[in-house]
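Structure file input.cif (mmCIF, C-alpha atoms) is printed below.
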data_structure
#
loop_
_atom_site.label_atom_id
_atom_site.label_comp_id
_atom_site.auth_asym_id
_atom_site.auth_seq_id
_atom_site.Cartn_x
_atom_site.Cartn_y
_atom_site.Cartn_z
CA MET T 1 90.02 106.92 93.30
CA SER T 2 93.58 105.78 93.74
CA VAL T 3 95.41 107.95 96.25
CA LEU T 4 98.88 107.38 94.89
CA PRO T 5 100.02 108.00 91.32
CA LYS T 6 100.27 104.76 89.34
CA SER T 7 103.99 105.14 88.76
CA VAL T 8 104.52 105.36 92.54
CA GLU T 9 102.31 102.32 93.20
CA LYS T 10 104.39 100.38 90.69
CA VAL T 11 107.66 101.10 92.45
CA ILE T 12 106.08 100.15 95.81
CA ASP T 13 104.88 96.88 94.24
CA GLU T 14 108.34 96.12 92.91
CA PHE T 15 109.97 96.76 96.29
CA SER T 16 107.33 94.67 98.06
CA LYS T 17 108.53 91.63 96.09
CA VAL T 18 111.81 91.63 97.99
CA PRO T 19 111.67 89.13 100.87
CA GLY T 20 111.70 91.01 104.17
CA ILE T 21 110.24 94.21 102.71
CA GLY T 22 106.53 94.60 103.38
CA PRO T 23 104.22 97.16 101.78
CA LYS T 24 104.83 99.59 104.67
CA SER T 25 108.62 99.49 104.33
CA ALA T 26 108.29 99.66 100.56
CA SER T 27 106.22 102.86 100.92
CA ARG T 28 108.81 104.31 103.29
CA ILE T 29 111.61 103.58 100.81
CA VAL T 30 109.66 105.07 97.92
CA TYR T 31 108.86 108.23 99.88
CA HIS T 32 112.49 108.59 100.68
CA TYR T 33 113.11 108.69 96.95
CA LEU T 34 110.23 111.05 96.26
CA ARG T 35 111.58 113.44 98.85
CA SER T 36 115.20 113.21 97.83
CA PRO T 37 116.29 116.30 95.91
CA ASN T 38 119.21 114.66 94.04
CA LYS T 39 117.27 112.40 91.68
CA ASP T 40 118.37 109.43 93.77
CA ALA T 41 115.64 107.30 92.21
CA THR T 42 117.15 107.83 88.78
CA LYS T 43 120.59 107.00 90.14
CA LEU T 44 119.29 103.76 91.64
CA SER T 45 117.42 103.05 88.44
CA GLU T 46 120.56 103.40 86.37
CA ALA T 47 122.64 101.38 88.82
CA LEU T 48 120.08 98.54 88.74
CA LYS T 49 119.95 98.54 84.96
CA GLU T 50 123.72 98.46 84.74
CA MET T 51 123.88 95.62 87.25
CA ASP T 52 121.29 93.58 85.38
CA ASP T 53 123.14 94.15 82.12
CA LYS T 54 126.66 93.50 83.35
CA VAL T 55 126.47 90.89 86.06
CA LYS T 56 126.61 87.22 85.26
CA TYR T 57 127.86 84.17 87.09
CA CYS T 58 131.50 83.20 87.05
CA SER T 59 131.74 80.04 84.94
CA LYS T 60 134.06 78.40 87.50
CA CYS T 61 132.67 79.25 90.95
CA PHE T 62 129.23 80.70 90.11
CA ASN T 63 129.84 83.77 92.20
CA VAL T 64 128.49 86.99 90.69
CA SER T 65 130.97 88.65 88.39
CA GLU T 66 131.16 91.03 85.48
CA LYS T 67 133.62 88.73 83.75
CA GLU T 68 133.34 85.23 82.34
CA GLU T 69 135.77 84.17 85.08
CA CYS T 70 135.79 86.10 88.37
CA ASP T 71 138.83 87.80 89.89
CA ILE T 72 139.28 85.09 92.49
CA CYS T 73 139.10 82.13 90.10
CA SER T 74 141.47 83.81 87.65
CA SER T 75 143.94 84.95 90.33
CA LYS T 76 147.34 83.25 90.36
CA LEU T 77 147.70 84.09 94.06
CA ARG T 78 144.94 81.76 95.19
CA LYS T 79 145.73 78.16 96.09
CA ASN T 80 143.83 75.90 93.73
CA ASP T 81 144.01 72.82 95.95
CA LYS T 82 141.40 74.21 98.35
CA LEU T 83 137.76 74.68 97.42
CA CYS T 84 135.45 76.37 99.91
CA VAL T 85 131.82 75.49 99.18
CA VAL T 86 129.34 78.17 100.27
CA GLU T 87 125.61 78.74 99.87
CA GLU T 88 125.48 82.30 98.56
CA PRO T 89 127.70 85.01 97.03
CA LEU T 90 127.41 86.99 100.29
CA ASP T 91 129.21 84.15 102.08
CA VAL T 92 132.19 84.70 99.78
CA VAL T 93 132.11 88.39 100.72
CA ALA T 94 132.17 87.44 104.41
CA PHE T 95 135.26 85.23 103.92
CA GLU T 96 137.06 87.76 101.74
CA ASN T 97 136.37 90.62 104.12
CA SER T 98 137.94 88.67 106.96
CA ALA T 99 140.96 87.81 104.79
CA VAL T 100 141.39 84.40 106.39
CA TYR T 101 141.30 82.18 103.31
CA ASP T 102 143.56 81.93 100.27
CA GLY T 103 141.88 79.15 98.27
CA LEU T 104 139.06 79.05 95.75
CA TYR T 105 135.30 79.13 96.26
CA PHE T 106 132.27 77.41 94.89
CA VAL T 107 128.82 78.97 95.26
CA LEU T 108 126.05 76.37 95.48
CA GLY T 109 123.25 78.87 94.98
CA GLY T 110 121.22 77.54 97.89
CA VAL T 111 120.77 74.50 100.08
CA ILE T 112 118.63 71.40 99.92
CA SER T 113 115.37 72.34 101.61
CA PRO T 114 112.48 69.92 101.10
CA ALA T 115 110.21 72.23 103.12
CA ASP T 116 110.69 74.95 100.48
CA GLY T 117 110.51 72.45 97.63
CA ILE T 118 114.23 72.76 96.85
CA GLY T 119 115.71 69.40 95.94
CA ALA T 120 119.25 68.37 95.02
CA GLU T 121 118.67 69.06 91.32
CA GLU T 122 118.15 72.75 92.04
CA ILE T 123 121.55 73.09 93.71
CA ARG T 124 124.76 73.22 91.66
CA PHE T 125 126.03 69.78 92.68
CA ARG T 126 126.78 68.69 89.12
CA GLU T 127 128.79 71.87 88.53
CA LEU T 128 130.58 71.30 91.85
CA ASP T 129 131.47 67.80 90.74
CA SER T 130 132.91 69.08 87.43
CA ARG T 131 134.82 71.84 89.19
CA ALA T 132 136.32 69.39 91.69
CA ARG T 133 137.41 67.05 88.86
CA GLU T 134 138.93 69.99 87.00
CA LEU T 135 140.94 71.03 90.07
CA LEU T 136 141.97 67.42 90.67
CA SER T 137 143.44 67.36 87.16
CA LYS T 138 145.81 70.13 88.30
CA ASN T 139 146.58 68.80 91.77
CA ASP T 140 147.19 65.42 93.36
CA LYS T 141 144.99 66.29 96.27
CA LEU T 142 142.06 68.62 96.81
CA GLU T 143 140.54 69.83 100.05
CA ILE T 144 136.85 70.62 99.91
CA ILE T 145 135.88 72.86 102.81
CA ILE T 146 132.15 72.74 103.37
CA ALA T 147 131.01 76.14 104.63
CA THR T 148 127.25 75.85 104.47
CA ASN T 149 125.33 77.44 107.32
CA PRO T 150 124.98 75.47 110.56
CA SER T 151 121.26 74.91 109.93
CA LEU T 152 119.31 71.72 109.25
CA GLU T 153 119.38 72.48 105.51
CA GLY T 154 123.07 73.33 105.63
CA GLU T 155 123.78 69.99 107.32
CA ALA T 156 121.72 68.06 104.79
CA THR T 157 123.59 69.79 101.98
CA ALA T 158 126.94 69.03 103.63
CA ASN T 159 125.97 65.37 103.88
CA TYR T 160 125.00 65.34 100.23
CA ILE T 161 128.39 66.74 99.21
CA GLN T 162 130.17 64.20 101.41
CA ASP T 163 128.25 61.44 99.66
CA LEU T 164 128.96 62.95 96.24
CA PHE T 165 132.72 62.66 96.67
CA LYS T 166 132.90 59.50 98.78
CA ASN T 167 134.81 57.55 96.10
CA PHE T 168 137.43 60.29 95.72
CA VAL T 169 137.71 60.39 99.51
CA LYS T 170 138.27 56.61 99.63
CA GLU T 171 140.97 56.95 96.98
CA GLY T 172 142.58 59.64 99.12
CA LYS T 173 142.29 62.27 96.40
CA ILE T 174 139.78 64.51 98.10
CA GLU T 175 139.69 65.48 101.75
CA ILE T 176 136.44 66.92 102.98
CA THR T 177 136.43 69.29 105.94
CA ARG T 178 133.74 71.32 107.64
CA LEU T 179 134.00 74.68 109.40
CA ALA T 180 134.44 74.27 113.16
CA MET T 181 131.36 74.76 115.27
CA GLY T 182 131.46 76.14 118.76
CA LEU T 183 131.13 79.36 120.66
CA PRO T 184 131.43 82.53 118.57
CA THR T 185 133.89 85.18 119.72
CA GLY T 186 132.43 87.42 122.38
CA ALA T 187 129.65 84.96 123.19
CA ASP T 188 128.34 84.53 126.69
CA LEU T 189 128.33 80.88 127.81
CA GLU T 190 125.26 81.63 129.89
CA TYR T 191 123.21 82.37 126.78
CA ALA T 192 124.63 79.73 124.43
CA ASP T 193 122.04 77.26 123.17
CA ARG T 194 122.25 73.54 123.89
CA LEU T 195 123.44 72.52 120.42
CA THR T 196 126.20 75.15 120.33
CA LEU T 197 127.43 74.02 123.76
CA LYS T 198 127.27 70.38 122.69
CA ARG T 199 129.35 71.10 119.61
CA ALA T 200 131.79 73.32 121.47
CA LEU T 201 132.34 70.46 123.91
CA GLU T 202 132.68 67.83 121.17
CA GLY T 203 135.18 69.99 119.35
CA ARG T 204 137.28 70.82 122.40
CA ARG T 205 141.04 70.91 121.88
CA ASN T 206 144.19 70.56 123.96
CA ILE T 207 145.83 73.84 124.73
CA MET R 1 140.90 92.84 95.03
CA SER R 2 137.29 93.82 95.22
CA VAL R 3 135.08 90.82 95.92
CA LEU R 4 131.93 92.18 94.36
CA PRO R 5 131.56 93.45 90.81
CA LYS R 6 131.55 97.26 90.69
CA SER R 7 128.03 97.41 89.29
CA VAL R 8 126.78 95.39 92.26
CA GLU R 9 128.64 97.57 94.76
CA LYS R 10 127.02 100.61 93.17
CA VAL R 11 123.49 99.28 93.68
CA ILE R 12 124.32 98.36 97.29
CA ASP R 13 125.64 101.90 97.82
CA GLU R 14 122.47 103.42 96.39
CA PHE R 15 120.24 101.26 98.59
CA SER R 16 122.36 102.06 101.67
CA LYS R 17 121.42 105.73 101.26
CA VAL R 18 117.81 104.96 102.22
CA PRO R 19 117.26 105.71 105.92
CA GLY R 20 116.67 102.46 107.77
CA ILE R 21 118.56 100.32 105.25
CA GLY R 22 122.09 99.46 106.35
CA PRO R 23 124.80 97.90 104.18
CA LYS R 24 123.75 94.38 105.30
CA SER R 25 120.11 94.85 104.33
CA ALA R 26 121.19 96.56 101.12
CA SER R 27 123.30 93.50 100.25
CA ARG R 28 120.37 91.19 101.01
CA ILE R 29 118.09 93.21 98.73
CA VAL R 30 120.66 93.24 95.94
CA TYR R 31 121.21 89.49 96.19
CA HIS R 32 117.51 88.98 95.96
CA TYR R 33 117.65 90.77 92.63
CA LEU R 34 120.74 88.92 91.46
CA ARG R 35 119.01 85.63 92.20
CA SER R 36 115.67 86.53 90.71
CA PRO R 37 115.13 84.85 87.36
CA ASN R 38 112.57 87.36 86.00
CA LYS R 39 114.82 90.38 85.52
CA ASP R 40 113.17 91.99 88.54
CA ALA R 41 116.04 94.46 88.81
CA THR R 42 115.28 95.78 85.34
CA LYS R 43 111.59 96.01 86.23
CA LEU R 44 112.40 98.00 89.36
CA SER R 45 114.84 100.11 87.37
CA GLU R 46 112.18 100.99 84.82
CA ALA R 47 109.56 101.65 87.49
CA LEU R 48 111.93 104.02 89.32
CA LYS R 49 112.81 105.87 86.16
CA GLU R 50 109.16 106.26 85.25
CA MET R 51 108.35 107.49 88.76
CA ASP R 52 111.15 110.04 88.71
CA ASP R 53 110.01 111.26 85.29
CA LYS R 54 106.29 111.41 85.95
CA VAL R 55 105.78 112.32 89.57
CA LYS R 56 105.60 115.91 90.69
CA TYR R 57 103.86 117.72 93.51
CA CYS R 58 100.24 118.78 93.23
CA SER R 59 100.26 122.56 92.98
CA LYS R 60 97.41 122.84 95.50
CA CYS R 61 98.11 120.31 98.26
CA PHE R 62 101.73 119.28 97.51
CA ASN R 63 100.88 115.62 97.62
CA VAL R 64 102.69 113.52 95.03
CA SER R 65 100.79 113.36 91.77
CA GLU R 66 101.32 112.74 88.10
CA LYS R 67 99.12 115.72 87.28
CA GLU R 68 99.49 119.44 87.88
CA GLU R 69 96.51 119.14 90.26
CA CYS R 70 95.95 115.85 92.06
CA ASP R 71 92.78 113.75 91.90
CA ILE R 72 91.68 114.83 95.37
CA CYS R 73 92.15 118.58 94.84
CA SER R 74 90.41 118.46 91.48
CA SER R 75 87.53 116.27 92.69
CA LYS R 76 84.09 117.91 92.89
CA LEU R 77 83.06 115.36 95.52
CA ARG R 78 85.43 116.67 98.19
CA LYS R 79 84.26 119.39 100.60
CA ASN R 80 86.47 122.41 100.11
CA ASP R 81 85.69 123.99 103.48
CA LYS R 82 87.84 121.46 105.31
CA LEU R 83 91.60 121.31 105.01
CA CYS R 84 93.47 118.51 106.72
CA VAL R 85 97.12 119.43 107.27
CA VAL R 86 99.49 116.46 107.35
CA GLU R 87 103.24 115.98 107.44
CA GLU R 88 103.82 113.53 104.60
CA PRO R 89 102.10 112.05 101.53
CA LEU R 90 101.84 108.70 103.36
CA ASP R 91 99.57 110.36 105.92
CA VAL R 92 97.14 111.18 103.11
CA VAL R 93 97.24 107.52 102.09
CA ALA R 94 96.40 106.51 105.67
CA PHE R 95 93.35 108.83 105.74
CA GLU R 96 92.17 107.82 102.29
CA ASN R 97 92.52 104.12 103.02
CA SER R 98 90.33 104.47 106.08
CA ALA R 99 87.76 106.46 104.07
CA VAL R 100 86.83 108.63 107.05
CA TYR R 101 87.40 112.08 105.56
CA ASP R 102 85.77 113.93 102.67
CA GLY R 103 87.64 117.24 102.69
CA LEU R 104 90.91 118.43 101.16
CA TYR R 105 94.49 117.91 102.29
CA PHE R 106 97.63 119.93 102.59
CA VAL R 107 101.04 118.22 102.81
CA LEU R 108 103.56 120.22 104.83
CA GLY R 109 106.53 118.17 103.72
CA GLY R 110 107.88 117.76 107.24
CA VAL R 111 107.71 119.31 110.69
CA ILE R 112 109.68 121.95 112.52
CA SER R 113 112.58 120.14 114.14
CA PRO R 114 115.37 122.33 115.48
CA ALA R 115 117.33 119.23 116.49
CA ASP R 116 117.53 118.20 112.82
CA GLY R 117 118.13 121.77 111.68
CA ILE R 118 114.67 122.07 110.12
CA GLY R 119 113.21 125.52 110.72
CA ALA R 120 109.86 127.04 109.75
CA GLU R 121 111.21 128.28 106.41
CA GLU R 122 111.77 124.68 105.28
CA ILE R 123 108.14 123.72 105.85
CA ARG R 124 105.41 124.78 103.41
CA PHE R 125 103.77 127.32 105.73
CA ARG R 126 103.68 130.07 103.11
CA GLU R 127 102.00 127.71 100.65
CA LEU R 128 99.57 126.64 103.38
CA ASP R 129 98.70 130.28 104.01
CA SER R 130 98.02 130.89 100.29
CA ARG R 131 95.96 127.73 100.03
CA ALA R 132 93.86 128.67 103.08
CA ARG R 133 93.23 132.16 101.63
CA GLU R 134 92.27 130.62 98.31
CA LEU R 135 89.76 128.30 99.98
CA LEU R 136 88.43 131.19 102.08
CA SER R 137 87.67 133.06 98.85
CA LYS R 138 85.29 130.22 97.96
CA ASN R 139 83.78 129.68 101.42
CA ASP R 140 82.68 131.87 104.33
CA LYS R 141 84.31 129.53 106.79
CA LEU R 142 87.20 127.10 106.66
CA GLU R 143 88.10 124.37 109.09
CA ILE R 144 91.79 123.55 109.32
CA ILE R 145 92.31 120.11 110.84
CA ILE R 146 95.84 119.75 112.10
CA ALA R 147 96.88 116.13 111.71
CA THR R 148 100.59 116.27 112.45
CA ASN R 149 101.99 113.37 114.45
CA PRO R 150 101.60 113.44 118.24
CA SER R 151 105.32 114.05 118.71
CA LEU R 152 107.20 117.06 120.11
CA GLU R 153 107.90 118.27 116.57
CA GLY R 154 104.31 117.66 115.50
CA GLU R 155 103.10 119.74 118.45
CA ALA R 156 105.49 122.57 117.68
CA THR R 157 104.32 122.57 114.08
CA ALA R 158 100.69 122.57 115.19
CA ASN R 159 101.37 125.58 117.40
CA TYR R 160 103.03 127.38 114.53
CA ILE R 161 100.00 126.83 112.30
CA GLN R 162 97.68 128.03 115.06
CA ASP R 163 99.74 131.19 115.34
CA LEU R 164 99.81 131.64 111.55
CA PHE R 165 96.03 131.86 111.33
CA LYS R 166 95.26 133.57 114.64
CA ASN R 167 93.82 136.68 112.96
CA PHE R 168 91.49 134.62 110.78
CA VAL R 169 90.46 132.68 113.87
CA LYS R 170 89.69 135.92 115.74
CA GLU R 171 87.58 137.08 112.80
CA GLY R 172 85.74 133.76 112.96
CA LYS R 173 86.70 132.82 109.43
CA ILE R 174 88.96 129.91 110.25
CA GLU R 175 88.36 127.25 112.86
CA ILE R 176 91.39 125.21 113.82
CA THR R 177 90.96 121.68 115.15
CA ARG R 178 93.37 118.94 116.09
CA LEU R 179 92.97 115.17 115.86
CA ALA R 180 91.78 113.65 119.15
CA MET R 181 94.43 112.01 121.29
CA GLY R 182 93.74 109.07 123.51
CA LEU R 183 93.86 105.33 123.57
CA PRO R 184 94.12 103.66 120.17
CA THR R 185 91.63 100.91 119.32
CA GLY R 186 92.68 97.57 120.70
CA ALA R 187 95.12 99.14 123.14
CA ASP R 188 95.71 97.67 126.57
CA LEU R 189 95.32 100.25 129.35
CA GLU R 190 97.97 98.39 131.31
CA TYR R 191 100.60 99.20 128.71
CA ALA R 192 99.52 102.74 127.79
CA ASP R 193 102.18 105.36 128.47
CA ARG R 194 101.63 108.23 130.90
CA LEU R 195 101.08 110.92 128.27
CA THR R 196 98.55 108.84 126.35
CA LEU R 197 96.62 108.17 129.57
CA LYS R 198 96.80 111.85 130.54
CA ARG R 199 95.40 112.88 127.17
CA ALA R 200 92.77 110.16 127.17
CA LEU R 201 91.61 111.44 130.55
CA GLU R 202 91.68 115.10 129.48
CA GLY R 203 89.70 114.29 126.37
CA ARG R 204 87.08 112.14 128.13
CA ARG R 205 83.52 112.59 126.94
CA ASN R 206 80.01 112.04 128.29
CA ILE R 207 78.39 108.90 126.98
#
Let's see the structure in the file written out as structure tokens.
Amino acid sequence: MSVLPKSVEKVIDEFSKVPGIGPKSASRIVYHYLRSPNKDATKLSEALKEMDDKVKYCSKCFNVSEKEECDICSSKLRKNDKLCVVEEPLDVVAFENSAVYDGLYFVLGGVISPADGIGAEEIRFRELDSRARELLSKNDKLEIIIATNPSLEGEATANYIQDLFKNFVKEGKIEITRLAMGLPTGADLEYADRLTLKRALEGRRNI
Amino acid sequence: MSVLPKSVEKVIDEFSKVPGIGPKSASRIVYHYLRSPNKDATKLSEALKEMDDKVKYCSKCFNVSEKEECDICSSKLRKNDKLCVVEEPLDVVAFENSAVYDGLYFVLGGVISPADGIGAEEIRFRELDSRARELLSKNDKLEIIIATNPSLEGEATANYIQDLFKNFVKEGKIEITRLAMGLPTGADLEYADRLTLKRALEGRRNI
């Protein structure tokens, strides 16, 4: 005899597919919905359906968007001689929320990770190449800011991008930069790891 | 300028309503769905809708069920002179998965918790009373096993139930029991808290 109704089991199964949500958490989430008096499950259901129907990838930067071209790529206020290359859409959100950048983005959709079986062909390098050429047709110079995560995979991906544009770099058309590495704000030197300290030291500046 | 499409923001908002899921986790979940190639969001959407449409409370035990009377309450194999009173549907799942109990259940739908503004009138005590009377009409004796959590609120709720049936207990019609408290299997005495040790000692048995 199954203890839970089939329709409940199904929702738990669906939630359990999300990385980081185990069957226990999935049950907790589902019971929250079963207990909620405001038909929250239906609201979430409708919101998910709408999202799946409406959201696609921006044809320029591959960020999620409801339009063919996202608000950032189509904005006249953004500088189109700077292209910040990130791993995921959430990285764009992080930049935008801090309001520290006025250029364009490009979302790779992941990083090279041989351990997870993700090779270069699964990352949007070809699209990045086209996008860079397109921007170069509008500008004499283009800065590509590599903002992959400071992980092994992020580094490998950064190296790949550097290699991809090495001819443009030689010709002086593209300049490739990388986000600074060092101590994060509010960090405690005492607890900083070796690599962070090493990079903070390497990147030291005159004040 | 909003960075995320409205339909995405809406799903993140809905997920953020679940206790234990913050905006960051909600974003992570939503990006999992945006990245998933198999229209998982639509699958979850449909599963949620179906759940909200189909699931109701069993009229006898108030566990979630797709039927007017759940499989356990309507089963002829379950002893109807034992009623295990739990807080939540998930507690029933825990009992059923361990296959250690052959009686009936009653789901209170919470515990008395003045700190959260939950008084006795919000818990299904009246329904529990009716259910106990109904079972007493079929049996000479009824055992009510209180299986609320070993928390302050669980204890208060247990006391309330004890008080509710004190006349039946005096008449010898209802026997009220409580789950044993003590060391859990695999526990390390060294790390057991004071209250657990106290209760393990109080509940010690001859071997």
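Every protein, DNA or RNA residue with an atom at most 9 Å from segment 182-193 of chain R, where all atoms listed in the file count and chain neighbours fewer than 5 positions away do not, is listed here: R:Lys198, R:Arg199, R:Ala200, R:Leu201, R:Glu202, R:Gly203, R:Arg204.
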Give me a file of those residues, with C-alpha atoms, as a compact mmCIF listing (two decimals), keeping the file's coordinate frame.
# COMPACT_ATOMS: atom_id res chain seq x y z
CA LYS R 198 96.80 111.85 130.54
CA ARG R 199 95.40 112.88 127.17
CA ALA R 200 92.77 110.16 127.17
CA LEU R 201 91.61 111.44 130.55
CA GLU R 202 91.68 115.10 129.48
CA GLY R 203 89.70 114.29 126.37
CA ARG R 204 87.08 112.14 128.13
Report as a tab-separated table the residues of chain T within 9 Å of chain R, each with its shortest atom pair and distance in Å (one decimal), using only C-alpha atoms, ordered by chain and increasing residue number.
residue	atom	partner	partner_atom	distance
T:Met1	CA	R:Asp71	CA	7.5
T:Ser2	CA	R:Asp71	CA	8.2
T:Val3	CA	R:Val93	CA	6.1
T:Leu4	CA	R:Ser65	CA	7.0
T:Pro5	CA	R:Ser65	CA	5.4
T:Lys6	CA	R:Glu66	CA	8.1
T:Ser7	CA	R:Met51	CA	5.0
T:Val8	CA	R:Met51	CA	5.8
T:Lys10	CA	R:Ala47	CA	6.2
T:Val11	CA	R:Ala47	CA	5.3
T:Glu14	CA	R:Leu44	CA	5.7
T:Phe15	CA	R:Leu44	CA	7.4
T:Lys17	CA	R:Asp40	CA	8.9
T:Val18	CA	R:Ile29	CA	6.5
T:Pro19	CA	R:His32	CA	7.6
T:Gly20	CA	R:Ile29	CA	8.7
T:Ile21	CA	R:Ile29	CA	8.9
T:Ser27	CA	R:Leu90	CA	7.7
T:Arg28	CA	R:Leu90	CA	8.2
T:Ile29	CA	R:Val18	CA	6.5
T:Val30	CA	R:Leu48	CA	9.0
T:Tyr31	CA	R:Leu90	CA	7.8
T:His32	CA	R:Val18	CA	6.6
T:Tyr33	CA	R:Val18	CA	8.0
T:Leu34	CA	R:Asp52	CA	7.7
T:Arg35	CA	R:Gly109	CA	8.5
T:Lys39	CA	R:Asp52	CA	7.2
T:Asp40	CA	R:Glu14	CA	7.7
T:Ala41	CA	R:Leu48	CA	5.7
T:Thr42	CA	R:Lys49	CA	5.4
T:Lys43	CA	R:Glu14	CA	7.4
T:Leu44	CA	R:Glu14	CA	5.7
T:Ser45	CA	R:Ser45	CA	4.1
T:Glu46	CA	R:Ser45	CA	6.7
T:Ala47	CA	R:Val11	CA	5.4
T:Leu48	CA	R:Ser45	CA	5.6
T:Lys49	CA	R:Thr42	CA	5.4
T:Glu50	CA	R:Ser7	CA	6.4
T:Met51	CA	R:Ser7	CA	5.0
T:Asp52	CA	R:Ala41	CA	6.3
T:Asp53	CA	R:Thr42	CA	8.6
T:Lys54	CA	R:Ser7	CA	7.2
T:Val55	CA	R:Pro5	CA	7.4
T:Lys56	CA	R:Leu34	CA	8.7
T:Asn63	CA	R:Leu4	CA	8.9
T:Val64	CA	R:Pro5	CA	7.2
T:Ser65	CA	R:Pro5	CA	5.4
T:Glu66	CA	R:Pro5	CA	5.9
T:Lys67	CA	R:Pro5	CA	8.7
T:Cys70	CA	R:Pro5	CA	8.8
T:Asp71	CA	R:Met1	CA	7.5
T:Ile72	CA	R:Val3	CA	7.9
T:Glu88	CA	R:Tyr31	CA	8.7
T:Pro89	CA	R:Tyr31	CA	7.9
T:Leu90	CA	R:Ser27	CA	7.7
T:Val92	CA	R:Val3	CA	7.8
T:Val93	CA	R:Val3	CA	6.1
T:Glu96	CA	R:Val3	CA	6.9
T:Asn97	CA	R:Val3	CA	8.3
T:Gly109	CA	R:Arg35	CA	8.5
Written file, previous selection with C-alpha atoms, as an mmCIF file, in the frame of the given file:
data_model
loop_
_atom_site.group_PDB
_atom_site.id
_atom_site.type_symbol
_atom_site.label_atom_id
_atom_site.label_comp_id
_atom_site.auth_asym_id
_atom_site.auth_seq_id
_atom_site.Cartn_x
_atom_site.Cartn_y
_atom_site.Cartn_z
ATOM 1 C CA MET T 1 90.020 106.920 93.300
ATOM 2 C CA SER T 2 93.580 105.780 93.740
ATOM 3 C CA VAL T 3 95.410 107.950 96.250
ATOM 4 C CA LEU T 4 98.880 107.380 94.890
ATOM 5 C CA PRO T 5 100.020 108.000 91.320
ATOM 6 C CA LYS T 6 100.270 104.760 89.340
ATOM 7 C CA SER T 7 103.990 105.140 88.760
ATOM 8 C CA VAL T 8 104.520 105.360 92.540
ATOM 9 C CA LYS T 10 104.390 100.380 90.690
ATOM 10 C CA VAL T 11 107.660 101.100 92.450
ATOM 11 C CA GLU T 14 108.340 96.120 92.910
ATOM 12 C CA PHE T 15 109.970 96.760 96.290
ATOM 13 C CA LYS T 17 108.530 91.630 96.090
ATOM 14 C CA VAL T 18 111.810 91.630 97.990
ATOM 15 C CA PRO T 19 111.670 89.130 100.870
ATOM 16 C CA GLY T 20 111.700 91.010 104.170
ATOM 17 C CA ILE T 21 110.240 94.210 102.710
ATOM 18 C CA SER T 27 106.220 102.860 100.920
ATOM 19 C CA ARG T 28 108.810 104.310 103.290
ATOM 20 C CA ILE T 29 111.610 103.580 100.810
ATOM 21 C CA VAL T 30 109.660 105.070 97.920
ATOM 22 C CA TYR T 31 108.860 108.230 99.880
ATOM 23 C CA HIS T 32 112.490 108.590 100.680
ATOM 24 C CA TYR T 33 113.110 108.690 96.950
ATOM 25 C CA LEU T 34 110.230 111.050 96.260
ATOM 26 C CA ARG T 35 111.580 113.440 98.850
ATOM 27 C CA LYS T 39 117.270 112.400 91.680
ATOM 28 C CA ASP T 40 118.370 109.430 93.770
ATOM 29 C CA ALA T 41 115.640 107.300 92.210
ATOM 30 C CA THR T 42 117.150 107.830 88.780
ATOM 31 C CA LYS T 43 120.590 107.000 90.140
ATOM 32 C CA LEU T 44 119.290 103.760 91.640
ATOM 33 C CA SER T 45 117.420 103.050 88.440
ATOM 34 C CA GLU T 46 120.560 103.400 86.370
ATOM 35 C CA ALA T 47 122.640 101.380 88.820
ATOM 36 C CA LEU T 48 120.080 98.540 88.740
ATOM 37 C CA LYS T 49 119.950 98.540 84.960
ATOM 38 C CA GLU T 50 123.720 98.460 84.740
ATOM 39 C CA MET T 51 123.880 95.620 87.250
ATOM 40 C CA ASP T 52 121.290 93.580 85.380
ATOM 41 C CA ASP T 53 123.140 94.150 82.120
ATOM 42 C CA LYS T 54 126.660 93.500 83.350
ATOM 43 C CA VAL T 55 126.470 90.890 86.060
ATOM 44 C CA LYS T 56 126.610 87.220 85.260
ATOM 45 C CA ASN T 63 129.840 83.770 92.200
ATOM 46 C CA VAL T 64 128.490 86.990 90.690
ATOM 47 C CA SER T 65 130.970 88.650 88.390
ATOM 48 C CA GLU T 66 131.160 91.030 85.480
ATOM 49 C CA LYS T 67 133.620 88.730 83.750
ATOM 50 C CA CYS T 70 135.790 86.100 88.370
ATOM 51 C CA ASP T 71 138.830 87.800 89.890
ATOM 52 C CA ILE T 72 139.280 85.090 92.490
ATOM 53 C CA GLU T 88 125.480 82.300 98.560
ATOM 54 C CA PRO T 89 127.700 85.010 97.030
ATOM 55 C CA LEU T 90 127.410 86.990 100.290
ATOM 56 C CA VAL T 92 132.190 84.700 99.780
ATOM 57 C CA VAL T 93 132.110 88.390 100.720
ATOM 58 C CA GLU T 96 137.060 87.760 101.740
ATOM 59 C CA ASN T 97 136.370 90.620 104.120
ATOM 60 C CA GLY T 109 123.250 78.870 94.980
#
Could you write out as a list in words the residues that the PyMOL selection byres ((chain R and resi 135-144) around 7) matches in the shown file?
-> Asn80, Asp81, Lys82, Leu83, Cys84, Arg131, Ala132, Arg133, Glu134, Ile145, Ile146, Lys173, Ile174, Glu175, Ile176 and Thr177 of chain R
Segment 148-156 of chain T environment, 6 Å, only C-alpha atoms, sequence neighbours closer than 2 positions dropped, as a PyMOL selection string = chain T and resi 86-87+111-113+146+158-159
Applied to the shown file, which residues does the PyMOL selection byres ((chain T and resi 121) around 12) return, written as a PyMOL selection string?
-> chain T and resi 108-114+117-120+122-127+157+160
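Using only C-alpha atoms, the contacts of Glu69 of chain T at a cut-off of 7 Å, with sequence neighbours closer than 2 positions omitted, comprise T:Cys58, T:Ser59, T:Lys60, T:Lys67, T:Asp71, T:Cys73, T:Ser74.
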How about saving the chosen residues, C-alpha atoms kept, as a short mmCIF file (atom, residue, chain, number, x, y, z; two decimals), in the frame of the given file?
data_model
loop_
_atom_site.label_atom_id
_atom_site.label_comp_id
_atom_site.auth_asym_id
_atom_site.auth_seq_id
_atom_site.Cartn_x
_atom_site.Cartn_y
_atom_site.Cartn_z
CA CYS T 58 131.50 83.20 87.05
CA SER T 59 131.74 80.04 84.94
CA LYS T 60 134.06 78.40 87.50
CA LYS T 67 133.62 88.73 83.75
CA ASP T 71 138.83 87.80 89.89
CA CYS T 73 139.10 82.13 90.10
CA SER T 74 141.47 83.81 87.65
#
